[in-house]
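Notes follow once the structure below has been shown.
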Amino acid sequence: MTAVNPGYCKSELRRNFPFVLRIIDAIREALLARSTEEGSRQLVWAAVGGAGREFELRGGYVSNANLREVSDYALSDEGAAVQTRLWVRNAFSHSNWTCN
């Protein structure tokens, strides 16, 4: 599984923030955020843009349309145990979901 960091993007996900937080977030977005289109490019690049690098991208970490080094913790035995525990917990906790 490839992990993708789309970065901090402008979106309506925070529309239900309390008024004060929306003001702070609007300022932060104006200064730092990418457009949602720019963020989505990271996802597309990870899926199809690494032509010739498919093997490298498997299980990689993509940020800013580039393959980044995976952290030492993620590669350690402890990190592998945490990954397995989270994967199993998430896979089984959503197994009873239905699509409407």
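Identifiers in the structure tokens: chain A, B, ... in order shown; residue index from 1 per chain; ligand index from 1 in order shown.
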
Report as a PDB file with all heavy atoms, in the first residue's frame all protein, DNA and RNA residues lying within 9 Å of A:Gly39, evaluated on only C-alpha atoms, omitting residues in the same chain fewer than 2 positions from it.
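Ended up saving to around-v1.pdb:
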ATOM      1  N   ASN A   5       0.618  11.851   0.876  1.00  0.00           N
ATOM      2  CA  ASN A   5       0.380  13.082   1.625  1.00  0.00           C
ATOM      3  C   ASN A   5      -0.051  14.160   0.635  1.00  0.00           C
ATOM      4  O   ASN A   5       0.775  14.685  -0.106  1.00  0.00           O
ATOM      5  CB  ASN A   5       1.668  13.509   2.335  1.00  0.00           C
ATOM      6  CG  ASN A   5       1.551  14.867   2.979  1.00  0.00           C
ATOM      7  OD1 ASN A   5       0.452  15.363   3.207  1.00  0.00           O
ATOM      8  ND2 ASN A   5       2.680  15.473   3.259  1.00  0.00           N
ATOM      9  N   PRO A   6      -1.345  14.496   0.601  1.00  0.00           N
ATOM     10  CA  PRO A   6      -1.784  15.536  -0.328  1.00  0.00           C
ATOM     11  C   PRO A   6      -1.414  16.941   0.139  1.00  0.00           C
ATOM     12  O   PRO A   6      -1.546  17.903  -0.600  1.00  0.00           O
ATOM     13  CB  PRO A   6      -3.299  15.364  -0.370  1.00  0.00           C
ATOM     14  CG  PRO A   6      -3.637  14.766   0.951  1.00  0.00           C
ATOM     15  CD  PRO A   6      -2.462  13.913   1.334  1.00  0.00           C
ATOM     16  N   GLY A   7      -0.956  17.063   1.373  1.00  0.00           N
ATOM     17  CA  GLY A   7      -0.622  18.377   1.923  1.00  0.00           C
ATOM     18  C   GLY A   7      -1.858  19.055   2.502  1.00  0.00           C
ATOM     19  O   GLY A   7      -2.950  18.503   2.530  1.00  0.00           O
ATOM     20  N   TYR A   8      -1.660  20.256   2.980  1.00  0.00           N
ATOM     21  CA  TYR A   8      -2.756  21.039   3.571  1.00  0.00           C
ATOM     22  C   TYR A   8      -3.515  21.713   2.437  1.00  0.00           C
ATOM     23  O   TYR A   8      -2.967  22.551   1.729  1.00  0.00           O
ATOM     24  CB  TYR A   8      -2.177  22.066   4.546  1.00  0.00           C
ATOM     25  CG  TYR A   8      -3.210  22.888   5.258  1.00  0.00           C
ATOM     26  CD1 TYR A   8      -4.191  22.295   6.032  1.00  0.00           C
ATOM     27  CD2 TYR A   8      -3.210  24.266   5.144  1.00  0.00           C
ATOM     28  CE1 TYR A   8      -5.143  23.052   6.687  1.00  0.00           C
ATOM     29  CE2 TYR A   8      -4.152  25.033   5.803  1.00  0.00           C
ATOM     30  CZ  TYR A   8      -5.116  24.418   6.565  1.00  0.00           C
ATOM     31  OH  TYR A   8      -6.062  25.169   7.213  1.00  0.00           O
ATOM     32  N   CYS A   9      -4.756  21.318   2.241  1.00  0.00           N
ATOM     33  CA  CYS A   9      -5.543  21.789   1.098  1.00  0.00           C
ATOM     34  C   CYS A   9      -6.753  22.605   1.551  1.00  0.00           C
ATOM     35  O   CYS A   9      -7.355  22.333   2.581  1.00  0.00           O
ATOM     36  CB  CYS A   9      -6.048  20.605   0.288  1.00  0.00           C
ATOM     37  SG  CYS A   9      -4.733  19.608  -0.416  1.00  0.00           S
ATOM     38  N   LYS A  10      -7.113  23.568   0.719  1.00  0.00           N
ATOM     39  CA  LYS A  10      -8.342  24.332   0.937  1.00  0.00           C
ATOM     40  C   LYS A  10      -9.513  23.405   0.644  1.00  0.00           C
ATOM     41  O   LYS A  10      -9.515  22.703  -0.364  1.00  0.00           O
ATOM     42  CB  LYS A  10      -8.399  25.526  -0.014  1.00  0.00           C
ATOM     43  CG  LYS A  10      -7.303  26.522   0.200  1.00  0.00           C
ATOM     44  CD  LYS A  10      -7.346  27.631  -0.838  1.00  0.00           C
ATOM     45  CE  LYS A  10      -6.167  28.554  -0.639  1.00  0.00           C
ATOM     46  NZ  LYS A  10      -6.068  29.577  -1.664  1.00  0.00           N
ATOM     47  N   ARG A  34      -2.814  24.548  -0.261  1.00  0.00           N
ATOM     48  CA  ARG A  34      -2.893  24.299  -1.701  1.00  0.00           C
ATOM     49  C   ARG A  34      -4.365  24.257  -2.085  1.00  0.00           C
ATOM     50  O   ARG A  34      -5.229  24.034  -1.253  1.00  0.00           O
ATOM     51  CB  ARG A  34      -2.343  22.904  -2.023  1.00  0.00           C
ATOM     52  CG  ARG A  34      -0.931  22.691  -1.698  1.00  0.00           C
ATOM     53  CD  ARG A  34      -0.579  21.254  -2.006  1.00  0.00           C
ATOM     54  NE  ARG A  34       0.849  21.084  -1.845  1.00  0.00           N
ATOM     55  CZ  ARG A  34       1.456  19.941  -1.831  1.00  0.00           C
ATOM     56  NH1 ARG A  34       0.770  18.835  -1.956  1.00  0.00           N
ATOM     57  NH2 ARG A  34       2.749  19.868  -1.685  1.00  0.00           N
ATOM     58  N   SER A  35      -4.619  24.371  -3.363  1.00  0.00           N
ATOM     59  CA  SER A  35      -5.987  24.148  -3.831  1.00  0.00           C
ATOM     60  C   SER A  35      -6.261  22.649  -3.756  1.00  0.00           C
ATOM     61  O   SER A  35      -5.329  21.831  -3.696  1.00  0.00           O
ATOM     62  CB  SER A  35      -6.161  24.640  -5.263  1.00  0.00           C
ATOM     63  OG  SER A  35      -5.448  23.794  -6.153  1.00  0.00           O
ATOM     64  N   THR A  36      -7.536  22.271  -3.763  1.00  0.00           N
ATOM     65  CA  THR A  36      -7.854  20.851  -3.729  1.00  0.00           C
ATOM     66  C   THR A  36      -7.348  20.152  -4.992  1.00  0.00           C
ATOM     67  O   THR A  36      -6.955  18.989  -4.941  1.00  0.00           O
ATOM     68  CB  THR A  36      -9.365  20.615  -3.565  1.00  0.00           C
ATOM     69  OG1 THR A  36     -10.065  21.394  -4.524  1.00  0.00           O
ATOM     70  CG2 THR A  36      -9.824  20.983  -2.174  1.00  0.00           C
ATOM     71  N   GLU A  37      -7.314  20.880  -6.104  1.00  0.00           N
ATOM     72  CA  GLU A  37      -6.777  20.302  -7.339  1.00  0.00           C
ATOM     73  C   GLU A  37      -5.295  19.968  -7.176  1.00  0.00           C
ATOM     74  O   GLU A  37      -4.841  18.892  -7.564  1.00  0.00           O
ATOM     75  CB  GLU A  37      -6.961  21.264  -8.512  1.00  0.00           C
ATOM     76  CG  GLU A  37      -6.367  20.726  -9.802  1.00  0.00           C
ATOM     77  CD  GLU A  37      -6.383  21.734 -10.934  1.00  0.00           C
ATOM     78  OE1 GLU A  37      -7.101  22.737 -10.844  1.00  0.00           O
ATOM     79  OE2 GLU A  37      -5.663  21.494 -11.907  1.00  0.00           O
ATOM     80  N   ARG A  41      -3.501  16.126  -7.193  1.00  0.00           N
ATOM     81  CA  ARG A  41      -2.420  15.725  -8.097  1.00  0.00           C
ATOM     82  C   ARG A  41      -1.464  14.755  -7.414  1.00  0.00           C
ATOM     83  O   ARG A  41      -0.876  13.894  -8.071  1.00  0.00           O
ATOM     84  CB  ARG A  41      -1.644  16.949  -8.577  1.00  0.00           C
ATOM     85  CG  ARG A  41      -2.418  17.802  -9.535  1.00  0.00           C
ATOM     86  CD  ARG A  41      -1.613  19.005  -9.950  1.00  0.00           C
ATOM     87  NE  ARG A  41      -2.461  19.985 -10.592  1.00  0.00           N
ATOM     88  CZ  ARG A  41      -2.129  21.240 -10.762  1.00  0.00           C
ATOM     89  NH1 ARG A  41      -0.960  21.682 -10.340  1.00  0.00           N
ATOM     90  NH2 ARG A  41      -2.960  22.069 -11.357  1.00  0.00           N
ATOM     91  N   GLN A  42      -1.294  14.881  -6.107  1.00  0.00           N
ATOM     92  CA  GLN A  42      -0.427  13.956  -5.371  1.00  0.00           C
ATOM     93  C   GLN A  42      -0.987  12.538  -5.449  1.00  0.00           C
ATOM     94  O   GLN A  42      -0.242  11.572  -5.641  1.00  0.00           O
ATOM     95  CB  GLN A  42      -0.298  14.376  -3.905  1.00  0.00           C
ATOM     96  CG  GLN A  42       0.150  15.793  -3.671  1.00  0.00           C
ATOM     97  CD  GLN A  42       1.460  16.113  -4.355  1.00  0.00           C
ATOM     98  OE1 GLN A  42       2.432  15.400  -4.206  1.00  0.00           O
ATOM     99  NE2 GLN A  42       1.464  17.193  -5.108  1.00  0.00           N
ATOM    100  N   LEU A  43      -2.315  12.430  -5.283  1.00  0.00           N
ATOM    101  CA  LEU A  43      -2.960  11.119  -5.336  1.00  0.00           C
ATOM    102  C   LEU A  43      -2.853  10.505  -6.726  1.00  0.00           C
ATOM    103  O   LEU A  43      -2.556   9.320  -6.880  1.00  0.00           O
ATOM    104  CB  LEU A  43      -4.424  11.237  -4.919  1.00  0.00           C
ATOM    105  CG  LEU A  43      -4.667  11.800  -3.519  1.00  0.00           C
ATOM    106  CD1 LEU A  43      -6.131  12.123  -3.326  1.00  0.00           C
ATOM    107  CD2 LEU A  43      -4.172  10.852  -2.467  1.00  0.00           C
ATOM    108  N   ASN A  64       4.630  15.661  -2.247  1.00  0.00           N
ATOM    109  CA  ASN A  64       5.080  16.622  -3.259  1.00  0.00           C
ATOM    110  C   ASN A  64       5.515  15.944  -4.550  1.00  0.00           C
ATOM    111  O   ASN A  64       6.540  16.288  -5.134  1.00  0.00           O
ATOM    112  CB  ASN A  64       6.203  17.499  -2.716  1.00  0.00           C
ATOM    113  CG  ASN A  64       5.723  18.428  -1.639  1.00  0.00           C
ATOM    114  OD1 ASN A  64       4.599  18.922  -1.697  1.00  0.00           O
ATOM    115  ND2 ASN A  64       6.551  18.663  -0.650  1.00  0.00           N
TER     116      ASN A  64
END

Expected answer as a PyMOL selection string: alpha helix (DSSP H) residues in stretch 4-87 of chain A: chain A and resi 19-32+36-44+54-57+72-75+77-87

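Closest approach to A:Val44 among A:Ala30, A:Trp87, A:Val20, A:Val62: A:Val62, based on only C-alpha atoms.
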
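The space separating atom CA of A:Ala33 from atom CA of A:Glu12 comes to 12.6 Å.
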
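Pairwise distance (atom CA of A:Leu86, atom CA of A:Arg58) equals 19.0 Å.
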
Quick one: residues within 9 Å of stretch 51-57 of chain A, only C-alpha atoms counted, chain neighbours fewer than 4 positions away excluded, as a VMD selection string? chain A and resid 1 to 2 46 to 47 61 to 62 67
